[in-house]
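Engineer: Provided herewith: my_file14.cif, mmCIF, N, CA and C atoms.
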```cif
data_work
loop_
_atom_site.label_atom_id
_atom_site.label_comp_id
_atom_site.auth_asym_id
_atom_site.auth_seq_id
_atom_site.Cartn_x
_atom_site.Cartn_y
_atom_site.Cartn_z
N MET A 239 88.48 92.19 101.90
CA MET A 239 89.74 92.21 101.15
C MET A 239 89.67 93.29 100.06
N ILE A 240 90.79 93.98 99.93
CA ILE A 240 90.93 94.93 98.83
C ILE A 240 91.30 94.15 97.56
N SER A 241 92.18 93.18 97.74
CA SER A 241 92.62 92.33 96.63
C SER A 241 93.18 91.03 97.21
N LYS A 242 93.72 90.19 96.36
CA LYS A 242 94.26 88.90 96.79
C LYS A 242 95.30 89.04 97.91
N HIS A 243 96.14 90.08 97.83
CA HIS A 243 97.24 90.23 98.79
C HIS A 243 97.10 91.43 99.73
N ILE A 244 95.97 92.11 99.71
CA ILE A 244 95.79 93.30 100.57
C ILE A 244 94.49 93.19 101.35
N THR A 245 94.61 93.18 102.67
CA THR A 245 93.42 93.19 103.51
C THR A 245 92.99 94.64 103.75
N ILE A 246 91.74 94.81 104.09
CA ILE A 246 91.24 96.15 104.41
C ILE A 246 91.97 96.70 105.64
N GLU A 247 92.33 95.81 106.57
CA GLU A 247 93.01 96.25 107.79
C GLU A 247 94.38 96.86 107.47
N GLU A 248 95.17 96.20 106.62
CA GLU A 248 96.49 96.77 106.31
C GLU A 248 96.37 97.98 105.40
N ALA A 249 95.34 98.03 104.57
CA ALA A 249 95.15 99.16 103.67
C ALA A 249 94.72 100.43 104.40
N THR A 250 94.15 100.28 105.58
CA THR A 250 93.66 101.45 106.32
C THR A 250 94.42 101.69 107.62
N PHE A 251 95.39 100.83 107.93
CA PHE A 251 96.11 100.99 109.19
C PHE A 251 96.95 102.28 109.19
N SER A 252 96.88 102.98 110.29
CA SER A 252 97.71 104.17 110.51
C SER A 252 97.99 104.27 112.00
N ALA A 253 99.26 104.25 112.36
CA ALA A 253 99.64 104.41 113.77
C ALA A 253 99.15 105.75 114.30
N LYS A 254 99.21 106.78 113.44
CA LYS A 254 98.73 108.12 113.86
C LYS A 254 97.24 108.09 114.15
N ALA A 255 96.48 107.38 113.32
CA ALA A 255 95.04 107.28 113.54
C ALA A 255 94.75 106.56 114.87
N VAL A 256 95.47 105.48 115.11
CA VAL A 256 95.27 104.71 116.34
C VAL A 256 95.62 105.56 117.56
N SER A 257 96.81 106.17 117.54
CA SER A 257 97.25 106.94 118.72
C SER A 257 96.40 108.19 118.96
N ASN A 258 95.78 108.70 117.90
CA ASN A 258 94.93 109.89 118.05
C ASN A 258 93.44 109.55 118.06
N LYS A 259 93.13 108.25 118.04
CA LYS A 259 91.74 107.77 118.07
C LYS A 259 90.89 108.40 116.97
N ILE A 260 91.44 108.34 115.76
CA ILE A 260 90.78 108.91 114.58
C ILE A 260 90.35 107.78 113.66
N SER A 261 89.16 107.90 113.13
CA SER A 261 88.67 106.92 112.16
C SER A 261 89.43 107.07 110.85
N ASN A 262 89.80 105.95 110.27
CA ASN A 262 90.50 105.96 108.97
C ASN A 262 89.82 104.93 108.06
N VAL A 263 88.53 105.15 107.85
CA VAL A 263 87.71 104.22 107.08
C VAL A 263 87.29 104.88 105.77
N PRO A 264 87.57 104.22 104.64
CA PRO A 264 87.19 104.81 103.35
C PRO A 264 85.69 104.70 103.10
N ASN A 265 85.18 105.64 102.32
CA ASN A 265 83.79 105.53 101.87
C ASN A 265 83.75 104.62 100.64
N GLU A 266 82.60 104.45 100.06
CA GLU A 266 82.45 103.51 98.94
C GLU A 266 83.30 103.92 97.73
N ALA A 267 83.33 105.19 97.39
CA ALA A 267 84.12 105.66 96.24
C ALA A 267 85.62 105.46 96.49
N GLN A 268 86.06 105.75 97.69
CA GLN A 268 87.47 105.57 98.04
C GLN A 268 87.85 104.09 98.02
N LEU A 269 86.96 103.25 98.51
CA LEU A 269 87.20 101.81 98.49
C LEU A 269 87.32 101.29 97.06
N LYS A 270 86.47 101.76 96.17
CA LYS A 270 86.55 101.36 94.76
C LYS A 270 87.86 101.81 94.14
N ALA A 271 88.30 103.01 94.47
CA ALA A 271 89.58 103.52 93.97
C ALA A 271 90.73 102.64 94.48
N MET A 272 90.66 102.23 95.74
CA MET A 272 91.69 101.37 96.32
C MET A 272 91.74 100.02 95.60
N GLN A 273 90.58 99.47 95.32
CA GLN A 273 90.52 98.20 94.60
C GLN A 273 91.10 98.33 93.20
N LEU A 274 90.90 99.47 92.57
CA LEU A 274 91.45 99.71 91.24
C LEU A 274 92.98 99.82 91.29
N VAL A 275 93.51 100.52 92.28
CA VAL A 275 94.97 100.61 92.46
C VAL A 275 95.55 99.21 92.66
N ALA A 276 94.89 98.42 93.48
CA ALA A 276 95.36 97.06 93.72
C ALA A 276 95.32 96.23 92.44
N GLU A 277 94.24 96.34 91.68
CA GLU A 277 94.09 95.56 90.44
C GLU A 277 95.09 95.97 89.37
N LYS A 278 95.28 97.28 89.19
CA LYS A 278 96.10 97.77 88.08
C LYS A 278 97.58 97.89 88.41
N LEU A 279 97.92 98.07 89.69
CA LEU A 279 99.32 98.27 90.06
C LEU A 279 99.85 97.22 91.02
N PHE A 280 99.24 97.14 92.20
CA PHE A 280 99.84 96.30 93.24
C PHE A 280 99.88 94.83 92.86
N GLU A 281 98.76 94.28 92.43
CA GLU A 281 98.72 92.84 92.15
C GLU A 281 99.62 92.45 90.97
N PRO A 282 99.63 93.20 89.86
CA PRO A 282 100.58 92.85 88.79
C PRO A 282 102.04 92.96 89.26
N LEU A 283 102.33 93.95 90.08
CA LEU A 283 103.68 94.11 90.62
C LEU A 283 104.02 92.95 91.55
N ARG A 284 103.10 92.60 92.41
CA ARG A 284 103.30 91.49 93.35
C ARG A 284 103.48 90.18 92.59
N PHE A 285 102.72 89.96 91.53
CA PHE A 285 102.85 88.75 90.72
C PHE A 285 104.24 88.67 90.10
N TRP A 286 104.70 89.78 89.53
CA TRP A 286 106.03 89.82 88.91
C TRP A 286 107.12 89.61 89.96
N TYR A 287 107.02 90.30 91.08
CA TYR A 287 108.05 90.25 92.12
C TYR A 287 108.07 88.89 92.82
N ASN A 288 106.92 88.30 92.96
CA ASN A 288 106.76 86.96 93.52
C ASN A 288 107.26 86.84 94.97
N LYS A 289 107.21 87.95 95.69
CA LYS A 289 107.55 87.98 97.12
C LYS A 289 106.64 89.01 97.78
N PRO A 290 106.48 88.93 99.08
CA PRO A 290 105.65 89.95 99.75
C PRO A 290 106.20 91.36 99.56
N ILE A 291 105.27 92.30 99.49
CA ILE A 291 105.58 93.73 99.41
C ILE A 291 104.84 94.40 100.54
N LYS A 292 105.56 95.15 101.37
CA LYS A 292 104.97 95.81 102.53
C LYS A 292 104.25 97.09 102.11
N ILE A 293 103.09 97.29 102.69
CA ILE A 293 102.34 98.52 102.48
C ILE A 293 102.66 99.46 103.63
N ASN A 294 103.29 100.58 103.31
CA ASN A 294 103.60 101.59 104.33
C ASN A 294 102.40 102.48 104.59
N SER A 295 101.70 102.84 103.52
CA SER A 295 100.55 103.72 103.63
C SER A 295 99.68 103.55 102.40
N PHE A 296 98.39 103.37 102.61
CA PHE A 296 97.47 103.27 101.48
C PHE A 296 96.42 104.36 101.70
N PHE A 297 95.27 104.03 102.26
CA PHE A 297 94.24 105.04 102.47
C PHE A 297 94.55 105.90 103.68
N ARG A 298 94.30 107.21 103.53
CA ARG A 298 94.40 108.16 104.65
C ARG A 298 93.18 109.07 104.63
N SER A 299 92.47 109.13 105.73
CA SER A 299 91.40 110.13 105.84
C SER A 299 92.06 111.51 105.81
N LEU A 300 91.28 112.54 105.55
CA LEU A 300 91.84 113.90 105.52
C LEU A 300 92.51 114.26 106.84
N GLU A 301 91.89 113.84 107.93
CA GLU A 301 92.44 114.15 109.26
C GLU A 301 93.77 113.42 109.49
N VAL A 302 93.83 112.15 109.12
CA VAL A 302 95.07 111.39 109.27
C VAL A 302 96.14 111.97 108.36
N ASN A 303 95.76 112.30 107.14
CA ASN A 303 96.72 112.87 106.19
C ASN A 303 97.34 114.16 106.74
N LYS A 304 96.53 114.98 107.35
CA LYS A 304 97.04 116.23 107.94
C LYS A 304 98.02 115.92 109.08
N LEU A 305 97.69 114.94 109.92
CA LEU A 305 98.56 114.57 111.05
C LEU A 305 99.92 114.05 110.60
N VAL A 306 99.96 113.32 109.48
CA VAL A 306 101.23 112.77 109.01
C VAL A 306 101.99 113.75 108.12
N GLY A 307 101.44 114.94 107.91
CA GLY A 307 102.11 115.95 107.10
C GLY A 307 101.99 115.71 105.61
N GLY A 308 100.94 115.00 105.20
CA GLY A 308 100.71 114.73 103.78
C GLY A 308 100.27 115.96 103.02
N SER A 309 100.45 115.92 101.73
CA SER A 309 100.02 117.00 100.85
C SER A 309 98.51 117.19 100.95
N ALA A 310 98.06 118.42 100.87
CA ALA A 310 96.63 118.72 100.92
C ALA A 310 95.88 118.08 99.76
N THR A 311 96.59 117.78 98.68
CA THR A 311 95.97 117.15 97.51
C THR A 311 96.38 115.68 97.36
N SER A 312 96.80 115.06 98.45
CA SER A 312 97.30 113.69 98.42
C SER A 312 96.29 112.71 97.82
N GLN A 313 96.78 111.89 96.90
CA GLN A 313 95.92 110.85 96.31
C GLN A 313 95.61 109.75 97.32
N HIS A 314 96.36 109.68 98.42
CA HIS A 314 96.05 108.71 99.47
C HIS A 314 94.64 108.96 100.02
N CYS A 315 94.22 110.21 100.08
CA CYS A 315 92.91 110.56 100.62
C CYS A 315 91.77 110.14 99.70
N LYS A 316 92.07 109.92 98.45
CA LYS A 316 91.07 109.46 97.48
C LYS A 316 91.12 107.94 97.32
N GLY A 317 92.11 107.30 97.93
CA GLY A 317 92.29 105.86 97.76
C GLY A 317 93.03 105.52 96.48
N GLU A 318 93.67 106.51 95.86
CA GLU A 318 94.33 106.31 94.57
C GLU A 318 95.83 106.07 94.67
N ALA A 319 96.40 106.08 95.87
CA ALA A 319 97.86 105.95 96.01
C ALA A 319 98.22 104.97 97.11
N ILE A 320 99.38 104.35 96.93
CA ILE A 320 99.89 103.40 97.90
C ILE A 320 101.40 103.54 97.98
N ASP A 321 101.92 103.57 99.19
CA ASP A 321 103.37 103.60 99.42
C ASP A 321 103.79 102.18 99.80
N ILE A 322 104.82 101.69 99.11
CA ILE A 322 105.22 100.29 99.29
C ILE A 322 106.72 100.17 99.51
N SER A 323 107.11 99.02 100.07
CA SER A 323 108.52 98.73 100.25
C SER A 323 108.75 97.23 100.18
N ALA A 324 109.85 96.86 99.54
CA ALA A 324 110.23 95.45 99.46
C ALA A 324 111.30 95.12 100.50
N GLY A 325 111.66 96.09 101.34
CA GLY A 325 112.56 95.81 102.46
C GLY A 325 113.95 96.41 102.36
N SER A 326 114.33 96.86 101.17
CA SER A 326 115.64 97.51 101.03
C SER A 326 115.57 98.49 99.87
N LYS A 327 116.52 99.41 99.85
CA LYS A 327 116.56 100.39 98.76
C LYS A 327 116.78 99.71 97.42
N ALA A 328 117.63 98.69 97.39
CA ALA A 328 117.91 97.98 96.14
C ALA A 328 116.65 97.27 95.63
N GLU A 329 115.91 96.65 96.52
CA GLU A 329 114.68 95.97 96.10
C GLU A 329 113.59 96.98 95.72
N ASN A 330 113.53 98.09 96.44
CA ASN A 330 112.56 99.13 96.10
C ASN A 330 112.84 99.71 94.72
N LYS A 331 114.10 99.83 94.36
CA LYS A 331 114.45 100.31 93.02
C LYS A 331 113.94 99.34 91.96
N LYS A 332 113.99 98.05 92.24
CA LYS A 332 113.45 97.05 91.30
C LYS A 332 111.95 97.27 91.10
N LEU A 333 111.23 97.50 92.20
CA LEU A 333 109.79 97.76 92.09
C LEU A 333 109.52 99.01 91.26
N PHE A 334 110.25 100.07 91.58
CA PHE A 334 110.12 101.35 90.87
C PHE A 334 110.35 101.15 89.37
N ASP A 335 111.45 100.50 89.02
CA ASP A 335 111.79 100.30 87.61
C ASP A 335 110.74 99.46 86.89
N TYR A 336 110.23 98.44 87.57
CA TYR A 336 109.22 97.60 86.93
C TYR A 336 107.95 98.40 86.64
N VAL A 337 107.49 99.16 87.61
CA VAL A 337 106.28 99.96 87.40
C VAL A 337 106.50 100.93 86.24
N CYS A 338 107.63 101.63 86.25
CA CYS A 338 107.91 102.61 85.19
C CYS A 338 107.88 102.00 83.80
N LYS A 339 108.41 100.81 83.67
CA LYS A 339 108.57 100.19 82.35
C LYS A 339 107.39 99.32 81.91
N ASN A 340 106.55 98.88 82.85
CA ASN A 340 105.58 97.85 82.50
C ASN A 340 104.12 98.13 82.83
N LEU A 341 103.83 99.11 83.65
CA LEU A 341 102.45 99.31 84.08
C LEU A 341 101.96 100.71 83.73
N ASP A 342 100.65 100.83 83.60
CA ASP A 342 100.03 102.14 83.44
C ASP A 342 99.89 102.71 84.85
N PHE A 343 100.19 103.99 85.03
CA PHE A 343 100.14 104.59 86.36
C PHE A 343 99.93 106.08 86.23
N ASP A 344 99.51 106.69 87.31
CA ASP A 344 99.41 108.14 87.35
C ASP A 344 100.75 108.71 87.79
N GLN A 345 101.24 108.25 88.94
CA GLN A 345 102.55 108.67 89.44
C GLN A 345 103.31 107.48 89.99
N VAL A 346 104.61 107.50 89.81
CA VAL A 346 105.50 106.61 90.55
C VAL A 346 106.59 107.53 91.10
N ILE A 347 106.81 107.46 92.41
CA ILE A 347 107.73 108.39 93.05
C ILE A 347 108.77 107.61 93.85
N ASN A 348 110.03 107.89 93.56
CA ASN A 348 111.16 107.40 94.36
C ASN A 348 111.26 108.36 95.54
N GLU A 349 110.89 107.87 96.72
CA GLU A 349 110.90 108.74 97.89
C GLU A 349 112.13 108.49 98.75
N TYR A 350 112.92 109.53 98.91
CA TYR A 350 114.09 109.54 99.79
C TYR A 350 115.07 108.41 99.46
N ASP A 351 115.53 108.43 98.21
CA ASP A 351 116.51 107.46 97.71
C ASP A 351 116.04 106.03 97.92
N PHE A 352 114.82 105.77 97.46
CA PHE A 352 114.22 104.43 97.48
C PHE A 352 113.97 103.89 98.89
N THR A 353 113.74 104.81 99.85
CA THR A 353 113.32 104.35 101.18
C THR A 353 111.96 103.66 101.04
N TRP A 354 111.10 104.20 100.18
CA TRP A 354 109.87 103.54 99.76
C TRP A 354 109.51 104.06 98.39
N VAL A 355 108.49 103.44 97.79
CA VAL A 355 108.02 103.83 96.46
C VAL A 355 106.53 104.15 96.56
N HIS A 356 106.17 105.29 96.02
CA HIS A 356 104.77 105.72 95.96
C HIS A 356 104.27 105.42 94.56
N ILE A 357 103.14 104.73 94.45
CA ILE A 357 102.52 104.49 93.14
C ILE A 357 101.06 104.89 93.23
N SER A 358 100.55 105.44 92.13
CA SER A 358 99.14 105.84 92.12
C SER A 358 98.52 105.55 90.76
N TYR A 359 97.19 105.45 90.80
CA TYR A 359 96.42 105.13 89.59
C TYR A 359 95.08 105.84 89.70
N LYS A 360 94.65 106.46 88.60
CA LYS A 360 93.35 107.12 88.53
C LYS A 360 92.48 106.39 87.51
N PRO A 361 91.17 106.42 87.69
CA PRO A 361 90.30 105.75 86.71
C PRO A 361 90.43 106.33 85.30
N LYS A 362 90.73 107.63 85.21
CA LYS A 362 90.90 108.29 83.91
C LYS A 362 92.03 109.30 84.00
N GLY A 363 92.75 109.46 82.90
CA GLY A 363 93.74 110.52 82.80
C GLY A 363 95.03 110.29 83.54
N ASN A 364 95.53 109.06 83.57
CA ASN A 364 96.82 108.80 84.22
C ASN A 364 97.92 109.56 83.48
N ARG A 365 98.75 110.25 84.26
CA ARG A 365 99.76 111.17 83.70
C ARG A 365 101.12 110.52 83.44
N LYS A 366 101.35 109.32 83.95
CA LYS A 366 102.64 108.64 83.80
C LYS A 366 103.79 109.53 84.30
N GLN A 367 103.60 110.16 85.45
CA GLN A 367 104.62 111.00 86.03
C GLN A 367 105.62 110.15 86.82
N ILE A 368 106.89 110.34 86.53
CA ILE A 368 107.97 109.68 87.25
C ILE A 368 108.70 110.77 88.03
N LEU A 369 108.65 110.69 89.36
CA LEU A 369 109.17 111.77 90.20
C LEU A 369 110.15 111.24 91.24
N VAL A 370 110.92 112.19 91.79
CA VAL A 370 111.87 111.88 92.86
C VAL A 370 111.66 112.90 93.97
N ILE A 371 111.56 112.42 95.20
CA ILE A 371 111.54 113.29 96.37
C ILE A 371 112.80 112.99 97.15
N LYS A 372 113.62 114.03 97.37
CA LYS A 372 114.90 113.84 98.07
C LYS A 372 114.80 114.25 99.52
#
```
What do you get writing this file as structure tokens?
Structural biologist:
Amino acid sequence: MISKHITIEEATFSAKAVSNKISNVPNEAQLKAMQLVAEKLFEPLRFWYNKPIKINSFFRSLEVNKLVGGSATSQHCKGEAIDISAGSKAENKKLFDYVCKNLDFDQVINEYDFTWVHISYKPKGNRKQILVIK
């Protein structure tokens, strides 16, 4: 388990990895980063929301990240970022707003008009960046 509400299987699942027979397993440092993201962001958000939150993407190996068209500097590859959805744009906006107002974070990104929300956390030097990708 990564945390109370996140299994290692859902944190590392990637359809691209499966279809391309690519390993998507974090190393020890990446796993620790994932646990920190869960502790500092996901679990407090899940507690506040009090309903399940779907994980669209958490850890991505460099190879998987390249296949999905991720940024070369993606925090997903370090285990520092998670893309989440509560099932609708309106509910995703609630998650976004809560993180912005209540949690320490590196980045929170409204992706494609709240289709999902990207949140990230670093052990040191969180920038509190609030971004929009259209």
Engineer: Between A:Asn340, A:Gln345, A:Ser241, A:Gln313, which residue has the minimum interatomic distance to A:Ala276, considering all atoms listed in the file?
Structural biologist: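 Looking only at the distances to A:Ala276, the closest residue turns out to be A:Ser241.
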Engineer: Which one of A:Phe251, A:Tyr350, A:Phe296, A:Trp286 sits closest to A:Leu369 if you count only C-alpha atoms?
Structural biologist: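 Nearest to A:Leu369: A:Tyr350.
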Engineer: Taking 3 positions as the minimum chain separation for residues in the same chain, which residues sit within 6.5 Å of A:Lys366 when counting all atoms listed in the file? Answer as a ChimeraX atom specification.
Structural biologist: /A:343-346,363
Engineer: Using only C-alpha atoms, which of A:Ile293, A:Leu269, A:Ile244, A:Lys254 sits nearest A:Gly307?
Structural biologist: A:Lys254
Engineer: I'd like the interatomic distance between atom CA of A:Leu274 and atom C of A:Ile240, to a tenth of an Å.
Structural biologist: 8.4 Å
Engineer: Report, in Å to a single decimal, how far apart atom N of A:Cys338 and atom CA of A:Val370 are.
Structural biologist: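 The value is 12.9 Å.
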Engineer: Can you work out the spacing between atom C of A:Lys316 and atom N of A:Met272 in Å, to one decimal?
Structural biologist: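 Computing the Euclidean distance for atom C of A:Lys316 and atom N of A:Met272 yields 5.9 Å.
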Engineer: Nearest to A:Glu318 among A:Val275, A:Ile371, A:Ile347, A:Ile246, with distances taken over all atoms listed in the file: which residue is it?
Structural biologist: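 Of all the options, A:Val275 lies closest to A:Glu318.
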Engineer: With distances taken over all atoms listed in the file, which residue among A:Ala328, A:Ser299, A:Ser323, A:Lys372 lies nearest A:Val355?
Structural biologist: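 For A:Val355, the nearest of the given residues is A:Ser323.
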Engineer: Measuring between all atoms listed in the file, which one of A:Ala310, A:Ile291, A:Leu341, A:Leu300 shows the shortest distance to A:Ala324?
Structural biologist: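 So, comparing all the options, the nearest one is A:Ile291.
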